[in-house]
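Contents: one structure, followed by commentary.
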Amino acid sequence: MSGSVSRSTQHGIRASIRRGYASFTGRHTIGRALIYLLLGVYALGAILAFLWVLLVSLKSNPEFIGSSPWSLPKDWLFSNYVNAFTIADIGAFFFNSVLVTAAATALSVAVSCLAAYVIARIPFGWNQIILQGFLIGLMVPPILIFIPLYTLLNQVNLLNTRTGLVLVYATANMPFNIFVLSGFMKTLPTELEEAAAMDGATPFETFLRILLPLCTPGIVSVAVLNILNNWNEFFYALAFLTDASRYTLPLGLYTLSQMAEYSSAWVTLFAGLIITAVPMLLIFALLQDRITEGLTAGALKG
Amino acid sequence: MFQRARRRLIVPFLLPAVAMFLVFFVYPVVQTVYISLTSWDGIARVKHVVGFSNYSKLTQDALFRNALQNTFVFMIVGGLILFPVALGMAWALHQPIRGRRFFRFIIFAPAVLSASVVAILWVFIYNPTFGLLDGLLGLLHLDFLQQIWLGDSNTALPAVIITDIWWGIGTWVILLSAGLERIPREIQEAARIDGANESTLWWRIILPLLWDVIRILIALWIIGSLQVFTLIFVMTQGGPLGATDVISTYLYSTVVQSHLFGYASAMAVVLLIIILVLTYISNRALTRETHEY
């Protein structure tokens with residue numbers, strides 16, 4: 001095969017080696033330009049859509065319907081955001097979301113760390129079975145179990161409470177957390193616990209002071225993904241919450257959008273969209289790598 | 001010995017997770033199966049067991065068949081669009097281009113938004129009067145392409161599918177990118193030096209090596225797309241006239257509007273069976289000999 005390499009290819013190879021690139025950049029300029037074009041168009045579309053939402057959120061209702069999508073607002077109505085918090089009660093939704101998300105994430109990660117430690121580091125014969133058992137949780141959709149969950153929460157007076165939601169969310173995230181954390185913990189050196197034991201540490205101290213700190217990257221990835229999932233969750237919130245003052249953001253926004261159909265208060269709704277989306281976008285911008293790690297660890301370890 | 005000391009941790013460490021799992025997961029699953037064999041209306045104290053009659057009713061339910069059909073269309077059409085596009089994007093990002101982090105951010109950013117945010121956003125984009133899409137088509141003098149996207153039973157389901165793809169594609173691109181990164185550069189370079197063009201490189205080398213990742217992603221897509229709910233619920237409530245009604249939205253309306261808990265539970269069990277069967281089949285059918293590298 002190598003005997004039939006053409007002159008231009010040889011030139012390309014030498015040029016690439018000189019430039020240190022892995023591909024024949026010379027021959028593929030058209031391809032690269034096309035890639036930039038397509039990705040660029042896609043990116044432009046996304047930016048324009050976001051810009052549209054941002055601009056509308058600062059306009060007035062008649063302006064929204066009347067003027068072009070990307071015209072600058074006549075007056076920058078930050079009052080829309082104020083209205084969102086006061087009249088539309090987005091402040092309450094925001095608070096509820098923060099509460100539920102933080103509590104559910106903390107609970108789930110803590111409980112999952114404990115279980116993952118046993119599964120990954122303490123062989124006792126049942127390790128694999130228990131892990132598989134938890135993994136079944138990944139296959140079962142919420143819609144399957146929400147009826148009995150509804151009845152259960154009702155029986156213990158946790159229906160329509162944020163506590164009930166926290167418990168359900170924490171359990172829902174457990175299979176994924178345990179899967180990723182146990183996989184991560186398996187990669188740590190086995191001598192760790194022995195060395196600590198020789199230094200006189202109890203097993204619990206070993207876990208807490210030595211192993212856990214080493215798991216920080218895994219814990220952070222898992223926690224960030226939990227935060228994302230819990231903040232954005234809609235279905236269980238819809239099924240279990242009836243008190244509007246307890247609604248989380250996604251559910252609250254939905255209610256607002258239903259009401260906006262009748263009252264035409266579109267711009268306040270758009271402000272609500274921005275308020276809901278920006279925290280997660282910020283977290284993502286800052287923690288892009290952690291999120292990627294968590295995702296790939298979960299999906300590709302199998 | 002220290003091993004035995006560690007064993008004392010087993011029960012207390014496993015207990016919280018197992019307890020929560022049993023109460024908030026295992027028990028509800030078992031209960032659902034039980035309720036599916038009853039005619040419970042959600043209120044009565046006693047549930048009357050009716051055997052499999054809920055299931056046989058399902059086979060005659062035209063609305064359920066409609067929901068099944070829409071669900072499968074969603075899964076198949078969505079998957080057929082999603083995978084090539086995601087693969088293309090992952091491959092594009094794999095090339096030496098500038099601004100990779102920026103493009104990754106833009107592609108993945110929608111995935112960090114809530115389903116209801118995405119749904120509301122796209123309801124406005126699809127709005128025929130002041131929405132982005134028809135507005136853009138008008139600007140480009142493509143007025144004949146303008147539709148009442150979510151109000152027309154022919155365009156509603158495709159419109160929702162496109163929204164779902166826009167929303168989720170970031171996750172797939174990231175996973176595929178991770179898979180691509182695992183392929184050693186030497187193999188790609190060797191192939192190029194041997195004179196392979198992009199197409200041969202792609203089909204003969206990259207895809208086979210990526211196959212395991214793709215197989216897992218197909219399973220994830222099947223599981224996820226079969227249970228789609230929020231997007232459709234918020235965008236169209238299953239309309240117009242059931243054009244976008246899927247299993248989960250139909251199930252939900254059966255519970256909330258008709259109060260047929262037993263019947264709805266039977267639907268849920270059927271959905272679970274479909275998910276398990278399809279996942280199993282796809283895994284078996286797509287498993288190929290792993291290439292060690």
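If you're wondering about the labels, chains in the structure tokens are A, B, ... by order shown, residues count from 1 in each chain, ligands from 1 in order shown.
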- Starting from chain A, keep only residues with some atom at most 7 Å from an atom of chain B, counting only C-alpha atoms, and report them as a PyMOL selection string. chain A and resi 1-2+5+22+35+43+46+65+111-112+114-115+118+122+139-141+143-145+148-149+168+171+197+203+228+232-235+250+254+273+277+280-281+292+296+300
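One finds CA of Met75 (chain B) at 6.6 Å from CA of Ile222 (chain B).
Distance-wise, CA of Tyr150 (chain A) and CA of Phe64 (chain B) end up 23.3 Å apart.
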- Could you give me the residues within region 124-283 of chain B that DSSP places in helix (DSSP H, G or I), as a VMD selection string? chain B and resid 124 to 126 132 to 139 143 to 145 156 to 182 185 to 193 198 to 226 230 to 235 247 to 256 261 to 283
- Smallest atom-to-atom distance to Gly294 (chain A): which of A:Val56, A:Val180, A:Ala201, A:Cys215, using only C-alpha atoms?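 Closest residue, counting only C-alpha atoms: A:Val180.
Closest approach to Leu37 (chain B) among B:Ile161, B:Leu260, B:Leu207, B:Ala285 is made by B:Leu260 (distances from only C-alpha atoms).
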- Query: Which neighbours of Gly218 (chain A) fall inside 12 Å, counting only C-alpha atoms, when residues of the same chain fewer than 3 positions from it are skipped, and could you give them as a PyMOL selection string?
  - Reply: chain A and resi 109+112-113+116+177-188+211-215+221-225+289-298
